[in-house]
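The file start.cif comes next; it holds mmCIF, all heavy atoms.
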data_protein
#
loop_
_atom_site.label_atom_id
_atom_site.label_comp_id
_atom_site.auth_asym_id
_atom_site.auth_seq_id
_atom_site.Cartn_x
_atom_site.Cartn_y
_atom_site.Cartn_z
N MET A 45 -3.71 7.44 -5.65
CA MET A 45 -2.43 7.82 -6.20
C MET A 45 -1.41 6.70 -6.02
O MET A 45 -0.68 6.38 -6.94
CB MET A 45 -1.96 9.11 -5.53
CG MET A 45 -0.64 9.58 -6.00
SD MET A 45 -0.84 10.42 -7.57
CE MET A 45 0.72 11.14 -7.76
N ALA A 46 -1.36 6.09 -4.84
CA ALA A 46 -0.39 5.01 -4.59
C ALA A 46 -0.64 3.84 -5.54
O ALA A 46 0.32 3.28 -6.08
CB ALA A 46 -0.47 4.55 -3.14
N ALA A 47 -1.89 3.49 -5.75
CA ALA A 47 -2.20 2.37 -6.65
C ALA A 47 -1.71 2.67 -8.06
O ALA A 47 -1.15 1.80 -8.72
CB ALA A 47 -3.70 2.09 -6.65
N LYS A 48 -1.92 3.89 -8.50
CA LYS A 48 -1.49 4.27 -9.85
C LYS A 48 0.04 4.18 -9.97
O LYS A 48 0.55 3.67 -10.96
CB LYS A 48 -1.97 5.68 -10.17
CG LYS A 48 -1.74 6.10 -11.58
CD LYS A 48 -2.39 7.43 -11.88
CE LYS A 48 -2.29 7.75 -13.35
NZ LYS A 48 -3.01 8.97 -13.68
N VAL A 49 0.76 4.66 -8.97
CA VAL A 49 2.22 4.61 -8.97
C VAL A 49 2.70 3.16 -9.03
O VAL A 49 3.67 2.85 -9.73
CB VAL A 49 2.79 5.32 -7.73
CG1 VAL A 49 4.27 5.05 -7.56
CG2 VAL A 49 2.53 6.81 -7.80
N LEU A 50 2.01 2.27 -8.33
CA LEU A 50 2.41 0.86 -8.28
C LEU A 50 1.88 0.05 -9.44
O LEU A 50 2.27 -1.10 -9.62
CB LEU A 50 1.93 0.24 -6.96
CG LEU A 50 2.51 0.83 -5.70
CD1 LEU A 50 1.87 0.20 -4.48
CD2 LEU A 50 4.02 0.68 -5.65
N GLY A 51 0.97 0.62 -10.22
CA GLY A 51 0.37 -0.11 -11.32
C GLY A 51 -0.63 -1.15 -10.85
O GLY A 51 -0.80 -2.19 -11.49
N LEU A 52 -1.29 -0.87 -9.73
CA LEU A 52 -2.27 -1.79 -9.14
C LEU A 52 -3.64 -1.12 -9.10
O LEU A 52 -3.75 0.10 -9.21
CB LEU A 52 -1.86 -2.16 -7.71
CG LEU A 52 -0.51 -2.85 -7.54
CD1 LEU A 52 -0.15 -2.93 -6.07
CD2 LEU A 52 -0.53 -4.23 -8.17
N ALA A 53 -4.65 -1.92 -8.93
CA ALA A 53 -5.99 -1.38 -8.74
C ALA A 53 -6.12 -0.86 -7.30
O ALA A 53 -5.55 -1.45 -6.37
CB ALA A 53 -7.04 -2.47 -8.98
N PRO A 54 -6.86 0.22 -7.11
CA PRO A 54 -7.07 0.72 -5.75
C PRO A 54 -7.66 -0.35 -4.82
O PRO A 54 -7.34 -0.40 -3.63
CB PRO A 54 -8.05 1.87 -5.93
CG PRO A 54 -7.85 2.32 -7.34
CD PRO A 54 -7.50 1.08 -8.11
N GLN A 55 -8.48 -1.24 -5.38
CA GLN A 55 -9.07 -2.32 -4.58
C GLN A 55 -8.00 -3.24 -4.01
O GLN A 55 -8.17 -3.80 -2.93
CB GLN A 55 -10.06 -3.14 -5.42
CG GLN A 55 -11.27 -2.37 -5.86
CD GLN A 55 -11.04 -1.60 -7.17
OE1 GLN A 55 -9.93 -1.42 -7.63
NE2 GLN A 55 -12.13 -1.13 -7.77
N THR A 56 -6.91 -3.40 -4.72
CA THR A 56 -5.81 -4.24 -4.23
C THR A 56 -5.24 -3.66 -2.95
O THR A 56 -5.04 -4.38 -1.96
CB THR A 56 -4.72 -4.39 -5.30
OG1 THR A 56 -5.28 -4.96 -6.47
CG2 THR A 56 -3.57 -5.25 -4.80
N LEU A 57 -4.97 -2.37 -2.95
CA LEU A 57 -4.42 -1.73 -1.75
C LEU A 57 -5.42 -1.78 -0.60
O LEU A 57 -5.03 -2.00 0.55
CB LEU A 57 -4.01 -0.29 -2.04
CG LEU A 57 -2.85 -0.12 -3.01
CD1 LEU A 57 -2.53 1.35 -3.20
CD2 LEU A 57 -1.63 -0.88 -2.56
N ARG A 58 -6.70 -1.58 -0.90
CA ARG A 58 -7.71 -1.68 0.15
C ARG A 58 -7.75 -3.09 0.75
O ARG A 58 -7.83 -3.26 1.96
CB ARG A 58 -9.08 -1.30 -0.39
CG ARG A 58 -9.29 0.19 -0.50
CD ARG A 58 -10.75 0.55 -0.68
NE ARG A 58 -11.26 0.16 -1.99
CZ ARG A 58 -11.18 0.91 -3.07
NH1 ARG A 58 -10.58 2.08 -3.02
NH2 ARG A 58 -11.68 0.50 -4.21
N ARG A 59 -7.67 -4.11 -0.11
CA ARG A 59 -7.67 -5.49 0.37
C ARG A 59 -6.44 -5.77 1.23
O ARG A 59 -6.53 -6.40 2.28
CB ARG A 59 -7.75 -6.46 -0.80
CG ARG A 59 -7.92 -7.91 -0.35
CD ARG A 59 -8.06 -8.88 -1.51
NE ARG A 59 -6.81 -8.96 -2.25
CZ ARG A 59 -6.64 -8.57 -3.52
NH1 ARG A 59 -7.64 -8.07 -4.20
NH2 ARG A 59 -5.48 -8.67 -4.11
N TRP A 60 -5.28 -5.30 0.78
CA TRP A 60 -4.07 -5.48 1.58
C TRP A 60 -4.23 -4.87 2.96
O TRP A 60 -3.82 -5.46 3.96
CB TRP A 60 -2.87 -4.84 0.90
CG TRP A 60 -2.34 -5.56 -0.30
CD1 TRP A 60 -2.77 -6.76 -0.81
CD2 TRP A 60 -1.28 -5.13 -1.14
NE1 TRP A 60 -2.05 -7.09 -1.92
CE2 TRP A 60 -1.12 -6.11 -2.14
CE3 TRP A 60 -0.46 -4.02 -1.17
CZ2 TRP A 60 -0.15 -6.01 -3.14
CZ3 TRP A 60 0.49 -3.91 -2.16
CH2 TRP A 60 0.65 -4.91 -3.13
N ALA A 61 -4.83 -3.67 3.01
CA ALA A 61 -5.01 -3.00 4.30
C ALA A 61 -6.01 -3.74 5.18
O ALA A 61 -5.78 -3.92 6.37
CB ALA A 61 -5.47 -1.55 4.07
N MET A 62 -7.12 -4.18 4.59
CA MET A 62 -8.16 -4.86 5.36
C MET A 62 -7.72 -6.23 5.85
O MET A 62 -7.95 -6.60 7.00
CB MET A 62 -9.43 -4.98 4.54
CG MET A 62 -10.15 -3.68 4.33
SD MET A 62 -11.60 -3.81 3.25
CE MET A 62 -12.42 -5.24 3.88
N ASP A 63 -7.07 -6.99 4.96
CA ASP A 63 -6.67 -8.37 5.28
C ASP A 63 -5.29 -8.46 5.89
O ASP A 63 -4.89 -9.53 6.32
CB ASP A 63 -6.67 -9.24 4.01
CG ASP A 63 -8.02 -9.34 3.35
OD1 ASP A 63 -9.03 -8.99 3.99
OD2 ASP A 63 -8.05 -9.76 2.19
N GLN A 64 -4.56 -7.35 5.88
CA GLN A 64 -3.15 -7.34 6.28
C GLN A 64 -2.38 -8.41 5.51
O GLN A 64 -1.55 -9.12 6.06
CB GLN A 64 -3.01 -7.52 7.79
CG GLN A 64 -3.64 -6.40 8.56
CD GLN A 64 -3.44 -6.53 10.05
OE1 GLN A 64 -2.91 -7.52 10.55
NE2 GLN A 64 -3.87 -5.52 10.77
N SER A 65 -2.69 -8.48 4.20
CA SER A 65 -2.12 -9.55 3.38
C SER A 65 -1.06 -9.05 2.40
O SER A 65 -0.49 -9.85 1.68
CB SER A 65 -3.24 -10.22 2.58
OG SER A 65 -3.90 -9.27 1.75
N GLY A 66 -0.80 -7.75 2.37
CA GLY A 66 0.15 -7.21 1.41
C GLY A 66 1.57 -7.18 1.92
O GLY A 66 1.84 -7.54 3.06
N PRO A 67 2.48 -6.73 1.08
CA PRO A 67 3.89 -6.67 1.47
C PRO A 67 4.19 -5.54 2.46
O PRO A 67 5.25 -5.51 3.05
CB PRO A 67 4.61 -6.43 0.14
CG PRO A 67 3.60 -5.79 -0.73
CD PRO A 67 2.28 -6.36 -0.32
N PHE A 68 3.25 -4.61 2.63
CA PHE A 68 3.39 -3.53 3.59
C PHE A 68 2.01 -3.04 3.98
O PHE A 68 1.04 -3.32 3.29
CB PHE A 68 4.25 -2.38 3.04
CG PHE A 68 3.84 -1.92 1.67
CD1 PHE A 68 2.85 -0.97 1.51
CD2 PHE A 68 4.44 -2.45 0.54
CE1 PHE A 68 2.47 -0.55 0.25
CE2 PHE A 68 4.06 -2.03 -0.72
CZ PHE A 68 3.08 -1.09 -0.87
N GLN A 69 1.93 -2.35 5.09
CA GLN A 69 0.66 -1.88 5.60
C GLN A 69 0.65 -0.36 5.67
O GLN A 69 1.69 0.26 5.89
CB GLN A 69 0.39 -2.44 7.00
CG GLN A 69 0.13 -3.93 7.01
CD GLN A 69 -1.11 -4.27 6.21
OE1 GLN A 69 -2.18 -3.76 6.47
NE2 GLN A 69 -0.94 -5.11 5.22
N PRO A 70 -0.51 0.24 5.50
CA PRO A 70 -0.59 1.70 5.57
C PRO A 70 -0.59 2.20 7.00
O PRO A 70 -0.86 1.45 7.94
CB PRO A 70 -1.95 1.99 4.92
CG PRO A 70 -2.77 0.79 5.28
CD PRO A 70 -1.80 -0.37 5.21
N GLU A 71 -0.26 3.46 7.14
CA GLU A 71 -0.45 4.17 8.40
C GLU A 71 -1.85 4.76 8.36
O GLU A 71 -2.42 4.94 7.29
CB GLU A 71 0.59 5.29 8.54
CG GLU A 71 2.02 4.82 8.53
CD GLU A 71 2.40 4.05 9.78
OE1 GLU A 71 1.92 4.43 10.86
OE2 GLU A 71 3.16 3.09 9.67
N LYS A 72 -2.41 5.04 9.50
CA LYS A 72 -3.73 5.66 9.56
C LYS A 72 -3.58 7.16 9.77
O LYS A 72 -2.88 7.60 10.68
CB LYS A 72 -4.58 5.08 10.69
CG LYS A 72 -5.08 3.69 10.40
CD LYS A 72 -6.12 3.72 9.31
CE LYS A 72 -6.70 2.34 9.09
NZ LYS A 72 -7.68 2.34 8.03
N ALA A 73 -4.23 7.94 8.92
CA ALA A 73 -4.26 9.39 9.07
C ALA A 73 -5.23 9.74 10.20
O ALA A 73 -6.07 8.91 10.57
CB ALA A 73 -4.72 10.02 7.76
N PRO A 74 -5.12 10.93 10.75
CA PRO A 74 -6.04 11.34 11.82
C PRO A 74 -7.52 11.23 11.42
O PRO A 74 -8.37 10.98 12.28
CB PRO A 74 -5.66 12.79 12.08
CG PRO A 74 -4.23 12.88 11.68
CD PRO A 74 -4.09 11.94 10.51
N ASN A 75 -7.81 11.35 10.14
CA ASN A 75 -9.20 11.23 9.69
C ASN A 75 -9.61 9.78 9.41
O ASN A 75 -10.70 9.53 8.94
CB ASN A 75 -9.44 12.11 8.46
CG ASN A 75 -8.63 11.65 7.25
OD1 ASN A 75 -7.91 10.66 7.31
ND2 ASN A 75 -8.73 12.39 6.17
N GLY A 76 -8.70 8.82 9.68
CA GLY A 76 -9.02 7.41 9.53
C GLY A 76 -8.67 6.82 8.18
O GLY A 76 -8.82 5.62 7.97
N ARG A 77 -8.24 7.65 7.24
CA ARG A 77 -7.90 7.16 5.90
C ARG A 77 -6.52 6.51 5.92
O ARG A 77 -5.69 6.79 6.78
CB ARG A 77 -7.93 8.31 4.90
CG ARG A 77 -9.33 8.89 4.77
CD ARG A 77 -9.37 9.94 3.73
NE ARG A 77 -9.28 9.28 2.42
CZ ARG A 77 -9.57 9.87 1.28
NH1 ARG A 77 -9.95 11.13 1.28
NH2 ARG A 77 -9.48 9.23 0.16
N ASN A 78 -6.29 5.65 4.94
CA ASN A 78 -5.00 4.99 4.81
C ASN A 78 -3.98 5.94 4.18
O ASN A 78 -4.29 6.65 3.23
CB ASN A 78 -5.11 3.74 3.94
CG ASN A 78 -5.90 2.65 4.59
OD1 ASN A 78 -5.89 2.52 5.81
ND2 ASN A 78 -6.59 1.86 3.81
N MET A 79 -2.77 5.91 4.72
CA MET A 79 -1.65 6.66 4.14
C MET A 79 -0.55 5.64 3.85
O MET A 79 -0.10 4.94 4.75
CB MET A 79 -1.11 7.69 5.13
CG MET A 79 -2.06 8.78 5.48
SD MET A 79 -1.35 10.11 6.52
CE MET A 79 -0.12 9.32 7.50
N TRP A 80 -0.16 5.57 2.61
CA TRP A 80 0.90 4.64 2.21
C TRP A 80 2.22 5.39 2.23
O TRP A 80 2.36 6.43 1.60
CB TRP A 80 0.59 4.09 0.82
CG TRP A 80 -0.73 3.40 0.80
CD1 TRP A 80 -1.94 3.95 0.47
CD2 TRP A 80 -1.00 2.05 1.17
NE1 TRP A 80 -2.93 3.02 0.60
CE2 TRP A 80 -2.38 1.84 1.03
CE3 TRP A 80 -0.21 0.99 1.60
CZ2 TRP A 80 -2.99 0.62 1.30
CZ3 TRP A 80 -0.81 -0.22 1.87
CH2 TRP A 80 -2.18 -0.40 1.72
N LEU A 81 3.19 4.88 2.96
CA LEU A 81 4.47 5.56 3.10
C LEU A 81 5.27 5.48 1.81
O LEU A 81 5.35 4.41 1.18
CB LEU A 81 5.26 4.95 4.25
CG LEU A 81 4.59 5.00 5.62
CD1 LEU A 81 5.46 4.33 6.67
CD2 LEU A 81 4.28 6.43 6.02
N VAL A 82 5.88 6.58 1.44
CA VAL A 82 6.66 6.64 0.21
C VAL A 82 7.78 5.60 0.24
O VAL A 82 8.05 4.94 -0.77
CB VAL A 82 7.23 8.07 -0.01
CG1 VAL A 82 8.19 8.11 -1.18
CG2 VAL A 82 6.09 9.06 -0.20
N ALA A 83 8.43 5.42 1.36
CA ALA A 83 9.52 4.44 1.47
C ALA A 83 9.01 3.03 1.19
O ALA A 83 9.68 2.24 0.51
CB ALA A 83 10.16 4.51 2.85
N ASP A 84 7.82 2.69 1.68
CA ASP A 84 7.24 1.37 1.41
C ASP A 84 6.92 1.20 -0.07
O ASP A 84 7.18 0.14 -0.65
CB ASP A 84 5.96 1.17 2.22
CG ASP A 84 6.22 0.98 3.70
OD1 ASP A 84 7.36 0.63 4.08
OD2 ASP A 84 5.27 1.18 4.49
N LEU A 85 6.38 2.26 -0.68
CA LEU A 85 6.08 2.19 -2.11
C LEU A 85 7.36 2.01 -2.92
O LEU A 85 7.42 1.20 -3.84
CB LEU A 85 5.36 3.46 -2.57
CG LEU A 85 4.02 3.78 -1.90
CD1 LEU A 85 3.49 5.10 -2.41
CD2 LEU A 85 3.03 2.67 -2.10
N GLN A 86 8.40 2.75 -2.56
CA GLN A 86 9.66 2.65 -3.29
C GLN A 86 10.28 1.27 -3.12
O GLN A 86 10.80 0.71 -4.08
CB GLN A 86 10.64 3.74 -2.84
CG GLN A 86 11.85 3.86 -3.71
CD GLN A 86 11.49 4.24 -5.15
OE1 GLN A 86 10.80 5.22 -5.38
NE2 GLN A 86 11.96 3.46 -6.10
N ASN A 87 10.23 0.71 -1.92
CA ASN A 87 10.76 -0.64 -1.70
C ASN A 87 10.01 -1.66 -2.54
O ASN A 87 10.61 -2.59 -3.08
CB ASN A 87 10.68 -1.01 -0.22
CG ASN A 87 11.75 -0.32 0.59
OD1 ASN A 87 12.77 0.13 0.07
ND2 ASN A 87 11.51 -0.19 1.88
N TYR A 88 8.71 -1.50 -2.65
CA TYR A 88 7.91 -2.41 -3.48
C TYR A 88 8.33 -2.29 -4.94
O TYR A 88 8.53 -3.30 -5.64
CB TYR A 88 6.43 -2.10 -3.31
CG TYR A 88 5.53 -3.01 -4.10
CD1 TYR A 88 5.14 -4.24 -3.59
CD2 TYR A 88 5.06 -2.63 -5.35
CE1 TYR A 88 4.31 -5.07 -4.31
CE2 TYR A 88 4.23 -3.46 -6.09
CZ TYR A 88 3.86 -4.68 -5.56
OH TYR A 88 3.04 -5.51 -6.29
N ILE A 89 8.47 -1.05 -5.41
CA ILE A 89 8.88 -0.83 -6.81
C ILE A 89 10.27 -1.41 -7.06
O ILE A 89 10.51 -2.02 -8.11
CB ILE A 89 8.85 0.68 -7.13
CG1 ILE A 89 7.40 1.18 -7.15
CG2 ILE A 89 9.53 0.98 -8.46
CD1 ILE A 89 7.27 2.68 -7.15
N ASP A 90 11.15 -1.25 -6.10
CA ASP A 90 12.53 -1.76 -6.24
C ASP A 90 12.65 -3.25 -6.02
O ASP A 90 13.73 -3.82 -6.14
CB ASP A 90 13.45 -1.03 -5.26
CG ASP A 90 13.62 0.44 -5.58
OD1 ASP A 90 13.30 0.85 -6.72
OD2 ASP A 90 14.05 1.19 -4.67
N GLY A 91 11.53 -3.91 -5.66
CA GLY A 91 11.54 -5.35 -5.43
C GLY A 91 12.06 -5.76 -4.07
O GLY A 91 12.37 -6.92 -3.86
N LYS A 92 12.14 -4.82 -3.14
CA LYS A 92 12.67 -5.13 -1.81
C LYS A 92 11.58 -5.55 -0.83
O LYS A 92 11.87 -6.09 0.22
CB LYS A 92 13.41 -3.93 -1.26
CG LYS A 92 14.64 -3.56 -2.04
CD LYS A 92 15.28 -2.31 -1.51
CE LYS A 92 16.44 -1.88 -2.39
NZ LYS A 92 16.97 -0.58 -1.98
N ALA A 93 10.32 -5.29 -1.19
CA ALA A 93 9.22 -5.68 -0.31
C ALA A 93 8.86 -7.13 -0.63
O ALA A 93 8.90 -7.56 -1.77
CB ALA A 93 8.01 -4.78 -0.54
N SER A 94 8.54 -7.87 0.40
CA SER A 94 8.17 -9.28 0.19
C SER A 94 6.89 -9.60 0.93
O SER A 94 6.53 -8.94 1.89
CB SER A 94 9.30 -10.18 0.67
OG SER A 94 9.52 -9.98 2.05
N PHE A 95 6.22 -10.63 0.46
CA PHE A 95 4.96 -11.06 1.10
C PHE A 95 5.27 -11.94 2.26
O PHE A 95 6.07 -12.74 2.34
CB PHE A 95 4.08 -11.81 0.09
CG PHE A 95 3.41 -10.87 -0.88
CD1 PHE A 95 4.03 -10.52 -2.07
CD2 PHE A 95 2.17 -10.35 -0.61
CE1 PHE A 95 3.41 -9.67 -2.96
CE2 PHE A 95 1.54 -9.50 -1.49
CZ PHE A 95 2.17 -9.16 -2.68
#

Transcribe the structure of this file into structure tokens.
Amino acid sequence: MAAKVLGLAPQTLRRWAMDQSGPFQPEKAPNGRNMWLVADLQNYIDGKASF
């Protein structure tokens, strides 16, 4: 869902999480999955997130 909102491929978000190379990092859910914070997504959309 986050990738679709950002207009990115899901693989891009996975790579950012694995390499810690993106403009923001996910939180880890109790089940180990990545959770992307809405505030981080909005900052990226608004152009406030930087690499």

Original post:
Got a sec: who's within 6 Å of Glu71 of chain A, counting all heavy atoms, leaving out chain neighbours fewer than 6 positions off, as an NGL selection string?
Top reply: :A and (77-81 or 84)

Would you output that residue set with all heavy atoms, as a compact mmCIF listing (two decimals), in the coordinates of the input?
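Below is the file part_16.txt, written as the result:
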# COMPACT_ATOMS: atom_id res chain seq x y z
N ARG A 77 -8.24 7.65 7.24
CA ARG A 77 -7.90 7.16 5.90
C ARG A 77 -6.52 6.51 5.92
O ARG A 77 -5.69 6.79 6.78
CB ARG A 77 -7.93 8.31 4.90
CG ARG A 77 -9.33 8.89 4.77
CD ARG A 77 -9.37 9.94 3.73
NE ARG A 77 -9.28 9.28 2.42
CZ ARG A 77 -9.57 9.87 1.28
NH1 ARG A 77 -9.95 11.13 1.28
NH2 ARG A 77 -9.48 9.23 0.16
N ASN A 78 -6.29 5.65 4.94
CA ASN A 78 -5.00 4.99 4.81
C ASN A 78 -3.98 5.94 4.18
O ASN A 78 -4.29 6.65 3.23
CB ASN A 78 -5.11 3.74 3.94
CG ASN A 78 -5.90 2.65 4.59
OD1 ASN A 78 -5.89 2.52 5.81
ND2 ASN A 78 -6.59 1.86 3.81
N MET A 79 -2.77 5.91 4.72
CA MET A 79 -1.65 6.66 4.14
C MET A 79 -0.55 5.64 3.85
O MET A 79 -0.10 4.94 4.75
CB MET A 79 -1.11 7.69 5.13
CG MET A 79 -2.06 8.78 5.48
SD MET A 79 -1.35 10.11 6.52
CE MET A 79 -0.12 9.32 7.50
N TRP A 80 -0.16 5.57 2.61
CA TRP A 80 0.90 4.64 2.21
C TRP A 80 2.22 5.39 2.23
O TRP A 80 2.36 6.43 1.60
CB TRP A 80 0.59 4.09 0.82
CG TRP A 80 -0.73 3.40 0.80
CD1 TRP A 80 -1.94 3.95 0.47
CD2 TRP A 80 -1.00 2.05 1.17
NE1 TRP A 80 -2.93 3.02 0.60
CE2 TRP A 80 -2.38 1.84 1.03
CE3 TRP A 80 -0.21 0.99 1.60
CZ2 TRP A 80 -2.99 0.62 1.30
CZ3 TRP A 80 -0.81 -0.22 1.87
CH2 TRP A 80 -2.18 -0.40 1.72
N LEU A 81 3.19 4.88 2.96
CA LEU A 81 4.47 5.56 3.10
C LEU A 81 5.27 5.48 1.81
O LEU A 81 5.35 4.41 1.18
CB LEU A 81 5.26 4.95 4.25
CG LEU A 81 4.59 5.00 5.62
CD1 LEU A 81 5.46 4.33 6.67
CD2 LEU A 81 4.28 6.43 6.02
N ASP A 84 7.82 2.69 1.68
CA ASP A 84 7.24 1.37 1.41
C ASP A 84 6.92 1.20 -0.07
O ASP A 84 7.18 0.14 -0.65
CB ASP A 84 5.96 1.17 2.22
CG ASP A 84 6.22 0.98 3.70
OD1 ASP A 84 7.36 0.63 4.08
OD2 ASP A 84 5.27 1.18 4.49

**OP:** Check which residues satisfy the PyMOL selection byres ((chain A and resi 86-94) around 4.5) in the file shown, then give them as a list of chain:residue names.
**Re:**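 Applied to this file, the PyMOL selection byres ((chain A and resi 86-94) around 4.5) returns A:Val49, A:Leu50, A:Leu52, A:Trp60, A:Pro67, A:Phe68, A:Val82, A:Ala83, A:Asp84, A:Leu85, A:Phe95.
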
**OP:** Pull the alpha helix (DSSP H) assignments for chain A out of DSSP run on the backbone, and list those residues as a list in words.
**Re:** Ala46, Ala47, Lys48, Val49, Leu50, Pro54, Gln55, Thr56, Leu57, Arg58, Arg59, Trp60, Ala61, Met62, Asp63, Val82, Ala83, Asp84, Leu85, Gln86, Asn87, Tyr88 and Ile89 of chain A

Box for segment 52-59 of chain A: with edges along x, y and z, all listed atoms inside and 3 Å added on each side, what are the centre and edge lengths in Å to one decimal, as AutoDock Vina command-line options?
--center_x -6.1 --center_y -3.3 --center_z -3.7 --size_x 18.0 --size_y 17.3 --size_z 18.0

Chain A written out with C-alpha atoms as a short mmCIF file (atom, residue, chain, number, x, y, z; two decimals), in the first residue's frame:
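Okay, decode.cif is ready:
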data_model
loop_
_atom_site.label_atom_id
_atom_site.label_comp_id
_atom_site.auth_asym_id
_atom_site.auth_seq_id
_atom_site.Cartn_x
_atom_site.Cartn_y
_atom_site.Cartn_z
CA MET A 45 0.00 0.00 0.00
CA ALA A 46 2.78 2.47 0.89
CA ALA A 47 4.54 1.86 -2.42
CA LYS A 48 1.33 2.51 -4.33
CA VAL A 49 0.70 5.76 -2.43
CA LEU A 50 4.25 6.92 -3.19
CA GLY A 51 4.16 5.76 -6.81
CA LEU A 52 7.11 3.41 -6.24
CA ALA A 53 7.64 -0.29 -6.73
CA PRO A 54 7.32 -2.40 -3.58
CA GLN A 55 10.88 -3.60 -4.25
CA THR A 56 12.10 -0.03 -3.80
CA LEU A 57 10.72 0.15 -0.27
CA ARG A 58 12.15 -3.28 0.54
CA ARG A 59 15.57 -2.17 -0.72
CA TRP A 60 15.41 1.03 1.33
CA ALA A 61 14.60 -1.02 4.43
CA MET A 62 17.31 -3.63 3.81
CA ASP A 63 20.06 -1.20 2.79
CA GLN A 64 18.92 1.67 5.02
CA SER A 65 19.38 3.75 1.88
CA GLY A 66 16.03 5.53 1.65
CA PRO A 67 14.86 8.90 2.92
CA PHE A 68 13.14 7.18 5.87
CA GLN A 69 13.10 3.79 7.54
CA PRO A 70 10.18 1.58 8.54
CA GLU A 71 9.24 0.55 12.03
CA LYS A 72 9.07 -3.17 12.74
CA ALA A 73 5.69 -4.67 13.59
CA PRO A 74 5.53 -7.36 16.29
CA ASN A 75 5.29 -9.96 13.52
CA GLY A 76 8.54 -8.65 11.96
CA ARG A 77 6.95 -6.94 8.97
CA ASN A 78 7.81 -3.40 7.95
CA MET A 79 5.42 -0.61 8.90
CA TRP A 80 5.84 2.69 7.10
CA LEU A 81 4.74 5.65 9.21
CA VAL A 82 2.10 7.88 7.66
CA ALA A 83 4.03 11.00 8.70
CA ASP A 84 7.14 9.74 6.85
CA LEU A 85 5.09 8.99 3.75
CA GLN A 86 3.48 12.42 3.84
CA ASN A 87 6.86 14.15 4.29
CA TYR A 88 8.18 12.27 1.27
CA ILE A 89 5.14 13.27 -0.81
CA ASP A 90 5.50 16.89 0.33
CA GLY A 91 9.20 16.86 -0.61
CA LYS A 92 10.38 17.27 2.98
CA ALA A 93 12.19 13.93 3.16
CA SER A 94 15.77 13.90 1.94
CA PHE A 95 18.34 11.24 1.20
#
